[in-house]
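Here is start37.csv, consisting of CSV, N, CA, C and O atoms:
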```csv
chain,number,residue,atom,x,y,z
A,191,VAL,N,76.5,95.7,134.7
A,191,VAL,CA,75.3,96.5,135.0
A,191,VAL,C,74.1,95.8,134.3
A,191,VAL,O,74.2,95.2,133.3
A,192,HIS,N,72.9,95.8,135.0
A,192,HIS,CA,71.8,95.2,134.4
A,192,HIS,C,70.5,96.0,134.8
A,192,HIS,O,70.5,96.7,135.8
A,193,ILE,N,69.5,95.9,133.9
A,193,ILE,CA,68.2,96.5,134.2
A,193,ILE,C,67.2,95.5,133.8
A,193,ILE,O,67.2,94.9,132.8
A,194,GLU,N,66.3,95.3,134.8
A,194,GLU,CA,65.2,94.3,134.6
A,194,GLU,C,64.0,95.1,133.9
A,194,GLU,O,63.5,96.0,134.5
A,195,LEU,N,63.7,94.6,132.7
A,195,LEU,CA,62.6,95.3,132.0
A,195,LEU,C,61.3,94.7,132.3
A,195,LEU,O,60.3,95.4,132.5
A,196,VAL,N,61.2,93.3,132.4
A,196,VAL,CA,60.0,92.6,132.8
A,196,VAL,C,60.4,91.6,133.9
A,196,VAL,O,61.4,90.9,133.8
A,197,GLY,N,59.6,91.6,135.0
A,197,GLY,CA,59.9,90.7,136.1
A,197,GLY,C,59.3,91.3,137.4
A,197,GLY,O,58.7,92.4,137.4
A,198,PRO,N,59.6,90.7,138.5
A,198,PRO,CA,59.1,91.2,139.8
A,198,PRO,C,59.6,92.6,140.1
A,198,PRO,O,58.8,93.3,140.8
A,199,GLY,N,60.8,93.0,139.7
A,199,GLY,CA,61.2,94.3,139.9
A,199,GLY,C,61.4,95.1,138.7
A,199,GLY,O,62.0,96.2,138.6
A,200,GLY,N,60.7,94.7,137.6
A,200,GLY,CA,60.9,95.3,136.3
A,200,GLY,C,60.0,96.5,136.0
A,200,GLY,O,59.1,96.8,136.8
A,201,LEU,N,60.2,97.1,134.9
A,201,LEU,CA,59.4,98.2,134.5
A,201,LEU,C,58.0,97.7,134.2
A,201,LEU,O,57.0,98.4,134.4
A,202,VAL,N,57.9,96.5,133.7
A,202,VAL,CA,56.6,95.8,133.5
A,202,VAL,C,56.6,94.6,134.5
A,202,VAL,O,57.5,93.8,134.5
A,203,HIS,N,55.6,94.6,135.4
A,203,HIS,CA,55.6,93.6,136.5
A,203,HIS,C,55.2,92.2,135.9
A,203,HIS,O,54.2,92.1,135.2
A,204,ALA,N,56.0,91.2,136.3
A,204,ALA,CA,55.6,89.8,136.0
A,204,ALA,C,56.2,88.9,137.1
A,204,ALA,O,57.3,89.2,137.6
A,205,ASP,N,55.5,87.9,137.5
A,205,ASP,CA,55.9,87.0,138.6
A,205,ASP,C,56.6,85.7,138.1
A,205,ASP,O,57.2,85.0,138.9
A,206,ASP,N,56.6,85.5,136.8
A,206,ASP,CA,57.0,84.2,136.3
A,206,ASP,C,58.1,84.2,135.3
A,206,ASP,O,58.6,83.2,134.8
A,207,ILE,N,58.7,85.4,135.0
A,207,ILE,CA,59.8,85.6,134.1
A,207,ILE,C,60.5,86.9,134.4
A,207,ILE,O,60.0,87.8,135.0
A,208,ARG,N,61.8,86.9,134.0
A,208,ARG,CA,62.6,88.1,134.1
A,208,ARG,C,63.3,88.3,132.8
A,208,ARG,O,63.9,87.3,132.2
A,209,ILE,N,63.1,89.5,132.2
A,209,ILE,CA,63.8,89.8,130.9
A,209,ILE,C,64.4,91.2,131.1
A,209,ILE,O,63.8,92.1,131.7
A,210,GLY,N,65.6,91.3,130.7
A,210,GLY,CA,66.3,92.6,130.9
A,210,GLY,C,67.5,92.7,130.0
A,210,GLY,O,67.8,91.9,129.1
A,211,LEU,N,68.3,93.8,130.2
A,211,LEU,CA,69.5,94.1,129.5
A,211,LEU,C,70.7,93.9,130.5
A,211,LEU,O,70.5,94.3,131.7
A,212,TYR,N,71.8,93.3,130.1
A,212,TYR,CA,72.9,93.1,130.9
A,212,TYR,C,74.2,93.4,130.1
A,212,TYR,O,74.3,92.9,129.0
A,213,GLY,N,75.1,94.1,130.7
A,213,GLY,CA,76.4,94.4,130.0
A,213,GLY,C,77.5,94.6,131.0
A,213,GLY,O,77.3,94.7,132.2
A,214,MET,N,78.7,94.7,130.5
A,214,MET,CA,79.9,94.9,131.3
A,214,MET,C,80.8,95.8,130.6
A,214,MET,O,80.9,95.8,129.4
A,215,THR,N,81.6,96.6,131.4
A,215,THR,CA,82.6,97.4,130.8
A,215,THR,C,83.8,96.6,130.4
A,215,THR,O,83.9,95.4,130.8
A,216,PRO,N,84.8,97.2,129.7
A,216,PRO,CA,86.0,96.4,129.3
A,216,PRO,C,86.8,96.0,130.6
A,216,PRO,O,86.7,96.6,131.6
A,217,ASN,N,87.5,94.8,130.4
A,217,ASN,CA,88.4,94.3,131.4
A,217,ASN,C,87.7,94.1,132.8
A,217,ASN,O,88.2,94.5,133.8
A,218,ALA,N,86.5,93.5,132.7
A,218,ALA,CA,85.8,93.2,134.0
A,218,ALA,C,85.5,91.7,134.0
A,218,ALA,O,85.4,91.0,133.0
A,219,THR,N,85.3,91.2,135.2
A,219,THR,CA,84.9,89.8,135.4
A,219,THR,C,83.7,89.7,136.4
A,219,THR,O,83.7,90.4,137.5
A,220,TYR,N,82.7,88.9,136.1
A,220,TYR,CA,81.7,88.6,137.1
A,220,TYR,C,81.8,87.1,137.3
A,220,TYR,O,81.6,86.3,136.4
A,221,GLY,N,82.1,86.7,138.5
A,221,GLY,CA,82.5,85.4,138.9
A,221,GLY,C,81.5,84.3,138.8
A,221,GLY,O,80.3,84.6,138.4
A,222,ILE,N,81.8,83.1,139.3
A,222,ILE,CA,81.0,82.0,139.3
A,222,ILE,C,79.7,82.2,140.1
A,222,ILE,O,79.8,82.6,141.3
A,223,ARG,N,78.6,81.9,139.5
A,223,ARG,CA,77.3,82.0,140.2
A,223,ARG,C,76.4,80.9,139.8
A,223,ARG,O,76.5,80.4,138.7
A,224,THR,N,75.4,80.6,140.7
A,224,THR,CA,74.4,79.6,140.4
A,224,THR,C,73.1,80.1,140.9
A,224,THR,O,73.0,80.9,141.8
A,225,HIS,N,72.0,79.6,140.3
A,225,HIS,CA,70.7,80.0,140.7
A,225,HIS,C,69.7,79.0,140.1
A,225,HIS,O,70.0,78.4,139.1
A,226,PRO,N,68.5,78.9,140.7
A,226,PRO,CA,67.5,77.9,140.2
A,226,PRO,C,66.9,78.3,138.8
A,226,PRO,O,66.5,77.4,138.1
A,227,ALA,N,66.9,79.5,138.5
A,227,ALA,CA,66.3,79.9,137.2
A,227,ALA,C,67.1,79.4,136.0
A,227,ALA,O,68.4,79.4,136.0
A,228,GLU,N,66.4,79.0,135.0
A,228,GLU,CA,67.1,78.6,133.7
A,228,GLU,C,67.2,80.0,133.0
A,228,GLU,O,66.3,80.8,133.0
A,229,GLU,N,68.4,80.2,132.4
A,229,GLU,CA,68.6,81.5,131.8
A,229,GLU,C,69.3,81.4,130.4
A,229,GLU,O,70.0,80.5,130.1
A,230,ILE,N,69.0,82.4,129.6
A,230,ILE,CA,69.7,82.6,128.3
A,230,ILE,C,70.1,84.0,128.1
A,230,ILE,O,69.4,84.9,128.5
A,231,TYR,N,71.3,84.2,127.6
A,231,TYR,CA,71.8,85.5,127.2
A,231,TYR,C,71.9,85.5,125.6
A,231,TYR,O,72.5,84.6,125.1
A,232,VAL,N,71.5,86.6,125.0
A,232,VAL,CA,71.7,86.8,123.6
A,232,VAL,C,72.5,88.0,123.4
A,232,VAL,O,72.1,89.1,123.9
A,233,MET,N,73.7,87.9,122.9
A,233,MET,CA,74.6,89.0,122.8
A,233,MET,C,74.2,90.0,121.7
A,233,MET,O,73.8,89.6,120.6
A,234,LEU,N,74.2,91.3,122.1
A,234,LEU,CA,73.7,92.3,121.2
A,234,LEU,C,74.9,93.1,120.6
A,234,LEU,O,74.8,93.6,119.4
A,235,ALA,N,75.9,93.4,121.4
A,235,ALA,CA,77.0,94.2,120.9
A,235,ALA,C,78.3,93.9,121.8
A,235,ALA,O,78.2,93.5,122.9
A,236,GLY,N,79.4,94.1,121.1
A,236,GLY,CA,80.7,93.9,121.8
A,236,GLY,C,81.1,92.5,121.8
A,236,GLY,O,80.8,91.7,121.0
A,237,SER,N,81.9,92.1,122.9
A,237,SER,CA,82.5,90.8,123.0
A,237,SER,C,82.5,90.4,124.4
A,237,SER,O,82.9,91.2,125.3
A,238,VAL,N,82.2,89.1,124.7
A,238,VAL,CA,82.2,88.6,126.1
A,238,VAL,C,82.7,87.2,126.1
A,238,VAL,O,82.5,86.4,125.1
A,239,TRP,N,83.4,86.7,127.1
A,239,TRP,CA,83.8,85.4,127.3
A,239,TRP,C,82.9,84.7,128.4
A,239,TRP,O,82.8,85.3,129.5
A,240,TRP,N,82.2,83.6,128.1
A,240,TRP,CA,81.4,82.9,129.0
A,240,TRP,C,82.0,81.6,129.5
A,240,TRP,O,82.6,80.9,128.7
A,241,LYS,N,81.9,81.3,130.7
A,241,LYS,CA,82.3,80.0,131.3
A,241,LYS,C,81.1,79.3,131.8
A,241,LYS,O,80.3,79.9,132.5
A,242,ARG,N,80.9,78.1,131.3
A,242,ARG,CA,79.7,77.3,131.6
A,242,ARG,C,80.1,76.0,132.3
A,242,ARG,O,80.8,75.2,131.7
A,243,GLY,N,79.7,75.7,133.5
A,243,GLY,CA,80.1,74.5,134.2
A,243,GLY,C,81.6,74.4,134.3
A,243,GLY,O,82.3,75.3,134.6
A,244,ASP,N,82.1,73.2,133.9
A,244,ASP,CA,83.5,72.9,134.0
A,244,ASP,C,84.2,73.3,132.7
A,244,ASP,O,85.5,73.1,132.6
A,245,ASP,N,83.5,73.8,131.7
A,245,ASP,CA,84.1,74.1,130.4
A,245,ASP,C,85.0,75.4,130.6
A,245,ASP,O,84.8,76.2,131.5
A,246,ASP,N,86.0,75.5,129.7
A,246,ASP,CA,86.8,76.7,129.6
A,246,ASP,C,85.9,77.9,129.2
A,246,ASP,O,84.9,77.7,128.6
A,247,PHE,N,86.4,79.1,129.4
A,247,PHE,CA,85.8,80.3,128.8
A,247,PHE,C,85.7,80.2,127.3
A,247,PHE,O,86.7,79.8,126.7
A,248,SER,N,84.6,80.6,126.7
A,248,SER,CA,84.5,80.7,125.2
A,248,SER,C,84.0,82.1,124.8
A,248,SER,O,83.1,82.6,125.5
A,249,GLN,N,84.5,82.6,123.8
A,249,GLN,CA,84.2,84.0,123.3
A,249,GLN,C,82.9,84.0,122.6
A,249,GLN,O,82.6,83.1,121.8
A,250,HIS,N,82.1,85.0,122.8
A,250,HIS,CA,80.8,85.2,122.2
A,250,HIS,C,80.7,86.6,121.6
A,250,HIS,O,81.2,87.6,122.2
A,251,HIS,N,80.1,86.7,120.4
A,251,HIS,CA,79.9,88.0,119.7
A,251,HIS,C,78.4,88.2,119.4
A,251,HIS,O,77.6,87.3,119.7
A,252,PRO,N,78.1,89.4,118.9
A,252,PRO,CA,76.7,89.7,118.7
A,252,PRO,C,76.0,88.6,117.9
A,252,PRO,O,76.5,88.0,116.9
A,253,GLY,N,74.8,88.2,118.3
A,253,GLY,CA,74.0,87.2,117.7
A,253,GLY,C,74.2,85.8,118.3
A,253,GLY,O,73.3,84.9,118.1
A,254,SER,N,75.2,85.6,119.1
A,254,SER,CA,75.4,84.3,119.7
A,254,SER,C,74.7,84.3,121.1
A,254,SER,O,74.2,85.3,121.6
A,255,ARG,N,74.6,83.1,121.6
A,255,ARG,CA,73.8,82.9,122.8
A,255,ARG,C,74.6,82.1,123.9
A,255,ARG,O,75.5,81.3,123.5
A,256,SER,N,74.3,82.3,125.1
A,256,SER,CA,74.9,81.5,126.2
A,256,SER,C,73.7,81.0,127.1
A,256,SER,O,73.0,81.8,127.7
A,257,TYR,N,73.5,79.7,127.1
A,257,TYR,CA,72.4,79.1,127.8
A,257,TYR,C,72.9,78.4,129.1
A,257,TYR,O,73.9,77.7,129.1
A,258,HIS,N,72.2,78.7,130.2
A,258,HIS,CA,72.6,78.1,131.5
A,258,HIS,C,71.4,77.4,132.1
A,258,HIS,O,70.5,78.1,132.6
A,259,PRO,N,71.4,76.1,132.1
A,259,PRO,CA,70.3,75.4,132.8
A,259,PRO,C,70.3,75.7,134.3
A,259,PRO,O,71.2,76.2,134.8
A,260,SER,N,69.2,75.4,134.9
A,260,SER,CA,69.1,75.6,136.4
A,260,SER,C,70.3,75.1,137.1
A,260,SER,O,70.7,73.9,136.9
A,261,MET,N,70.8,75.9,138.0
A,261,MET,CA,72.0,75.6,138.9
A,261,MET,C,73.3,75.3,138.2
A,261,MET,O,74.2,74.8,138.8
A,262,MET,N,73.4,75.6,136.9
A,262,MET,CA,74.7,75.4,136.2
A,262,MET,C,75.6,76.6,136.6
A,262,MET,O,75.3,77.7,136.5
A,263,PRO,N,76.8,76.3,137.2
A,263,PRO,CA,77.7,77.4,137.5
A,263,PRO,C,78.2,78.1,136.2
A,263,PRO,O,78.4,77.4,135.2
A,264,HIS,N,78.2,79.4,136.3
A,264,HIS,CA,78.6,80.1,135.1
A,264,HIS,C,79.3,81.5,135.5
A,264,HIS,O,79.0,81.9,136.6
A,265,ALA,N,80.1,82.0,134.6
A,265,ALA,CA,80.8,83.3,134.9
A,265,ALA,C,81.0,83.9,133.5
A,265,ALA,O,80.9,83.3,132.5
A,266,ASN,N,81.4,85.2,133.6
A,266,ASN,CA,81.7,85.9,132.3
A,266,ASN,C,82.7,87.0,132.6
A,266,ASN,O,82.9,87.4,133.7
A,267,ARG,N,83.4,87.3,131.5
A,267,ARG,CA,84.5,88.4,131.6
A,267,ARG,C,84.6,89.1,130.2
A,267,ARG,O,84.2,88.5,129.2
A,268,THR,N,85.1,90.2,130.3
A,268,THR,CA,85.4,91.0,129.1
A,268,THR,C,86.9,91.3,129.0
A,268,THR,O,87.6,91.2,130.0
A,269,GLU,N,87.3,91.6,127.8
A,269,GLU,CA,88.7,92.0,127.6
A,269,GLU,C,88.7,93.5,127.2
A,269,GLU,O,88.2,94.3,127.9
A,270,GLN,N,89.2,93.8,126.0
A,270,GLN,CA,89.3,95.2,125.5
A,270,GLN,C,87.9,95.8,125.2
A,270,GLN,O,87.8,97.1,125.2
A,271,ARG,N,86.9,95.0,124.9
A,271,ARG,CA,85.6,95.6,124.5
A,271,ARG,C,84.6,95.3,125.6
A,271,ARG,O,84.6,94.2,126.2
A,272,ALA,N,83.7,96.2,125.7
A,272,ALA,CA,82.5,96.0,126.5
A,272,ALA,C,81.5,95.1,125.8
A,272,ALA,O,81.7,94.8,124.6
A,273,PHE,N,80.4,94.7,126.5
A,273,PHE,CA,79.4,94.0,125.8
A,273,PHE,C,78.0,94.3,126.3
A,273,PHE,O,77.9,94.8,127.4
A,274,LEU,N,77.0,94.1,125.5
A,274,LEU,CA,75.6,94.3,125.9
A,274,LEU,C,74.8,93.1,125.4
A,274,LEU,O,75.1,92.6,124.3
A,275,SER,N,73.9,92.6,126.3
A,275,SER,CA,73.1,91.4,125.9
A,275,SER,C,71.7,91.7,126.5
A,275,SER,O,71.4,92.5,127.3
A,276,ILE,N,70.8,90.8,126.0
A,276,ILE,CA,69.5,90.7,126.6
A,276,ILE,C,69.4,89.4,127.2
A,276,ILE,O,70.0,88.4,126.8
A,277,TYR,N,68.8,89.3,128.4
A,277,TYR,CA,68.7,88.0,129.1
A,277,TYR,C,67.3,87.7,129.5
A,277,TYR,O,66.4,88.6,129.5
A,278,ALA,N,67.0,86.4,129.7
A,278,ALA,CA,65.7,85.9,130.1
A,278,ALA,C,65.9,84.8,131.2
A,278,ALA,O,66.8,84.0,131.0
A,279,TRP,N,65.2,84.9,132.3
A,279,TRP,CA,65.1,83.9,133.3
A,279,TRP,C,63.7,83.3,133.2
A,279,TRP,O,62.7,84.0,133.1
A,280,GLN,N,63.6,81.9,133.4
A,280,GLN,CA,62.3,81.3,133.5
A,280,GLN,C,62.5,80.2,134.5
A,280,GLN,O,63.5,79.8,134.9
A,281,GLY,N,61.3,79.6,134.9
A,281,GLY,CA,61.3,78.6,136.0
A,281,GLY,C,61.3,79.3,137.3
A,281,GLY,O,60.5,80.2,137.5
A,282,ASP,N,62.1,78.9,138.3
A,282,ASP,CA,62.2,79.5,139.6
A,282,ASP,C,63.0,80.8,139.5
A,282,ASP,O,64.2,80.7,139.6
A,283,ILE,N,62.4,81.9,139.3
A,283,ILE,CA,63.1,83.2,139.1
A,283,ILE,C,63.4,83.9,140.4
A,283,ILE,O,63.9,85.0,140.4
A,284,SER,N,63.1,83.3,141.6
A,284,SER,CA,63.4,83.9,142.8
A,284,SER,C,65.0,84.0,143.0
A,284,SER,O,65.7,83.2,142.4
A,285,THR,N,65.4,85.0,143.6
A,285,THR,CA,66.9,85.2,143.9
A,285,THR,C,67.3,84.7,145.3
A,285,THR,O,68.4,84.8,145.7
A,286,ASP,N,66.3,84.0,146.0
A,286,ASP,CA,66.6,83.5,147.3
A,286,ASP,C,67.8,82.5,147.4
A,286,ASP,O,68.5,82.5,148.3
A,287,GLN,N,68.0,81.7,146.3
A,287,GLN,CA,69.0,80.7,146.3
A,287,GLN,C,70.2,81.1,145.3
A,287,GLN,O,70.9,80.2,144.9
A,288,TYR,N,70.3,82.4,145.0
A,288,TYR,CA,71.4,82.9,144.1
A,288,TYR,C,72.6,82.8,144.9
A,288,TYR,O,72.7,83.3,146.0
A,289,LEU,N,73.7,82.1,144.4
A,289,LEU,CA,74.9,81.9,145.1
A,289,LEU,C,76.1,82.5,144.2
A,289,LEU,O,76.1,82.1,143.0
A,290,TYR,N,76.9,83.3,144.8
A,290,TYR,CA,78.1,83.8,144.1
A,290,TYR,C,79.3,83.2,144.8
A,290,TYR,O,79.5,83.3,146.0
A,291,ALA,N,80.2,82.5,144.0
A,291,ALA,CA,81.3,81.8,144.5
A,291,ALA,C,82.6,82.5,144.2
A,291,ALA,O,83.7,82.0,144.6
A,292,GLY,N,82.6,83.7,143.5
A,292,GLY,CA,83.8,84.4,143.3
A,292,GLY,C,84.4,84.2,141.9
A,292,GLY,O,83.9,83.5,141.1
A,293,VAL,N,85.6,84.9,141.7
A,293,VAL,CA,86.2,84.9,140.4
A,293,VAL,C,86.9,83.5,140.2
A,293,VAL,O,87.7,83.1,141.0
A,294,PRO,N,86.7,82.9,139.0
A,294,PRO,CA,87.4,81.6,138.7
A,294,PRO,C,88.9,81.9,138.5
A,294,PRO,O,89.3,82.9,138.0
A,295,GLU,N,89.6,80.9,138.7
A,295,GLU,CA,91.1,81.0,138.5
A,295,GLU,C,91.4,80.8,137.0
A,295,GLU,O,90.7,80.2,136.3
```

Whole structure given in structure tokens:
Amino acid sequence: VHIELVGPGGLVHADDIRIGLYGMTPNATYGIRTHPAEEIYVMLAGSVWWKRGDDDFSQHHPGSRSYHPSMMPHANRTEQRAFLSIYAWQGDISTDQYLYAGVPE
């Protein structure tokens, strides 16, 4: 689940950045996706596994970050614990070229 706080559809309108909250329930996966925006997630609570490019999934805890350059394929999943993060997009924040490729094997 996510909520955009600042951005084109946010509570505070901005055309050049997206900032919001993003989290997942336990035992969930959000598959491989790419987009032109450069993005960063800062973990606030819980535990999440991030996959970046061709790397294996790596676990992240509160205070850690996951950075995704423009068009880098990435995915995330949870196990027994949910997680919550804050995210920011910059650069080309349009969702016109957002591509979802499904759950990684």

Task: 7 Å contact set for Arg267 (chain A), only C-alpha atoms, chain neighbours under 5 positions out, as a PyMOL selection string - done: chain A and resi 218-220+238-240

Open item on the list: Please compute the CA of Ser248 (chain A)-atom C of His225 (chain A) distance, one decimal, in Å.
Closed with: 21.1 Å

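The space between CA of Tyr290 (chain A) and atom C of Ala278 (chain A) spans 17.8 Å.
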
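For the residues A:Val191, A:Val196, A:Ile283, A:Val293, ranking by smallest atom-to-atom distance to Thr215 (chain A) using all atoms listed in the file places A:Val191 first.
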
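When the distance limit is 6 Å and all atoms listed in the file are what count, the residues near Gly253 (chain A), minus those fewer than 4 positions from it on the same chain, are Val232, Met233 and Leu234 of chain A.
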
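Relative to CA of Pro198 (chain A), CA of Thr268 (chain A) is found at 28.4 Å.
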
- [ ] Per DSSP on the backbone, filter chain A down to the residues in strand (DSSP E) and report them as JSON, numbers by chain.
- [x] {"A": [192, 193, 194, 195, 196, 197, 202, 203, 207, 208, 209, 210, 211, 212, 213, 214, 219, 220, 221, 222, 223, 224, 228, 229, 230, 231, 232, 233, 234, 235, 236, 238, 239, 240, 241, 242, 248, 249, 250, 255, 256, 257, 258, 264, 265, 266, 267, 273, 274, 275, 276, 277, 278, 279, 280, 289, 290, 291, 292]}

Open item on the list: With distances taken over all atoms listed in the file, which residue among A:Tyr212, A:Asn266, A:Trp279, A:Ala235 lies nearest Gly197 (chain A)?
Closed with: A:Trp279

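Distance annotation: of A:Leu289, A:Val202, A:Leu211, A:Met261, the residue with the minimal separation from Ile276 (chain A) is A:Leu211; atom set is all atoms listed in the file.
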
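When only C-alpha atoms are used to compute distances to Ala227 (chain A), the closest of the residues A:Gln270, A:Leu195, A:Gln249, A:Ile207 turns out to be A:Ile207.
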
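Residues with any atom within 8 Å of the point (81.4, 81.2, 143.0), counting only C-alpha atoms, are Gly221, Ile222, Arg223, Thr224, Pro263, Leu289, Tyr290, Ala291, Gly292, Val293 and Pro294 of chain A.
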
- [ ] Compare A:Thr285, A:Ala265, A:Pro259, A:Phe273 by their minimum atom-to-atom distance to Glu228 (chain A), counting only N, CA, C and O atoms, and give me the closest one.
- [x] A:Pro259

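Between Asp244 (chain A) and the residues A:Gly213, A:Ala272, A:Tyr231, A:His264, the shortest atom-to-atom distance, using all atoms listed in the file, involves A:His264.
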
All heavy atoms are what I want for region 207-215 of chain A; can you complete it accordingly and write them as a CSV table (one decimal), in the coordinates of the input?
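This went into rebuild-v5.csv:
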```
chain,number,residue,atom,x,y,z
A,207,ILE,N,58.7,85.4,135.0
A,207,ILE,CA,59.8,85.6,134.1
A,207,ILE,C,60.5,86.9,134.4
A,207,ILE,O,60.0,87.8,135.0
A,207,ILE,CB,59.2,85.6,132.6
A,207,ILE,CG1,60.4,85.4,131.6
A,207,ILE,CG2,58.4,86.9,132.3
A,207,ILE,CD1,60.0,85.1,130.2
A,208,ARG,N,61.8,86.9,134.0
A,208,ARG,CA,62.6,88.1,134.1
A,208,ARG,C,63.3,88.3,132.8
A,208,ARG,O,63.9,87.3,132.2
A,208,ARG,CB,63.7,87.9,135.2
A,208,ARG,CG,63.3,87.9,136.6
A,208,ARG,CD,64.5,87.7,137.5
A,208,ARG,NE,64.0,87.5,138.9
A,208,ARG,CZ,63.9,88.4,139.8
A,208,ARG,NH1,64.1,89.7,139.5
A,208,ARG,NH2,63.5,88.1,141.0
A,209,ILE,N,63.1,89.5,132.2
A,209,ILE,CA,63.8,89.8,130.9
A,209,ILE,C,64.4,91.2,131.1
A,209,ILE,O,63.8,92.1,131.7
A,209,ILE,CB,62.8,89.9,129.8
A,209,ILE,CG1,62.1,88.5,129.6
A,209,ILE,CG2,63.4,90.4,128.5
A,209,ILE,CD1,61.0,88.5,128.6
A,210,GLY,N,65.6,91.3,130.7
A,210,GLY,CA,66.3,92.6,130.9
A,210,GLY,C,67.5,92.7,130.0
A,210,GLY,O,67.8,91.9,129.1
A,211,LEU,N,68.3,93.8,130.2
A,211,LEU,CA,69.5,94.1,129.5
A,211,LEU,C,70.7,93.9,130.5
A,211,LEU,O,70.5,94.3,131.7
A,211,LEU,CB,69.5,95.5,129.0
A,211,LEU,CG,68.5,95.8,127.9
A,211,LEU,CD1,68.5,97.3,127.6
A,211,LEU,CD2,68.7,95.0,126.7
A,212,TYR,N,71.8,93.3,130.1
A,212,TYR,CA,72.9,93.1,130.9
A,212,TYR,C,74.2,93.4,130.1
A,212,TYR,O,74.3,92.9,129.0
A,212,TYR,CB,72.9,91.7,131.4
A,212,TYR,CG,74.2,91.2,132.1
A,212,TYR,CD1,74.5,91.7,133.3
A,212,TYR,CD2,75.0,90.3,131.5
A,212,TYR,CE1,75.7,91.3,133.9
A,212,TYR,CE2,76.2,89.8,132.1
A,212,TYR,CZ,76.5,90.4,133.3
A,212,TYR,OH,77.7,90.0,134.0
A,213,GLY,N,75.1,94.1,130.7
A,213,GLY,CA,76.4,94.4,130.0
A,213,GLY,C,77.5,94.6,131.0
A,213,GLY,O,77.3,94.7,132.2
A,214,MET,N,78.7,94.7,130.5
A,214,MET,CA,79.9,94.9,131.3
A,214,MET,C,80.8,95.8,130.6
A,214,MET,O,80.9,95.8,129.4
A,214,MET,CB,80.6,93.6,131.6
A,214,MET,CG,79.8,92.7,132.6
A,214,MET,SD,80.6,91.0,132.8
A,214,MET,CE,82.2,91.4,133.3
A,215,THR,N,81.6,96.6,131.4
A,215,THR,CA,82.6,97.4,130.8
A,215,THR,C,83.8,96.6,130.4
A,215,THR,O,83.9,95.4,130.8
A,215,THR,CB,83.0,98.5,131.9
A,215,THR,OG1,83.5,97.8,133.0
A,215,THR,CG2,81.9,99.4,132.3
```
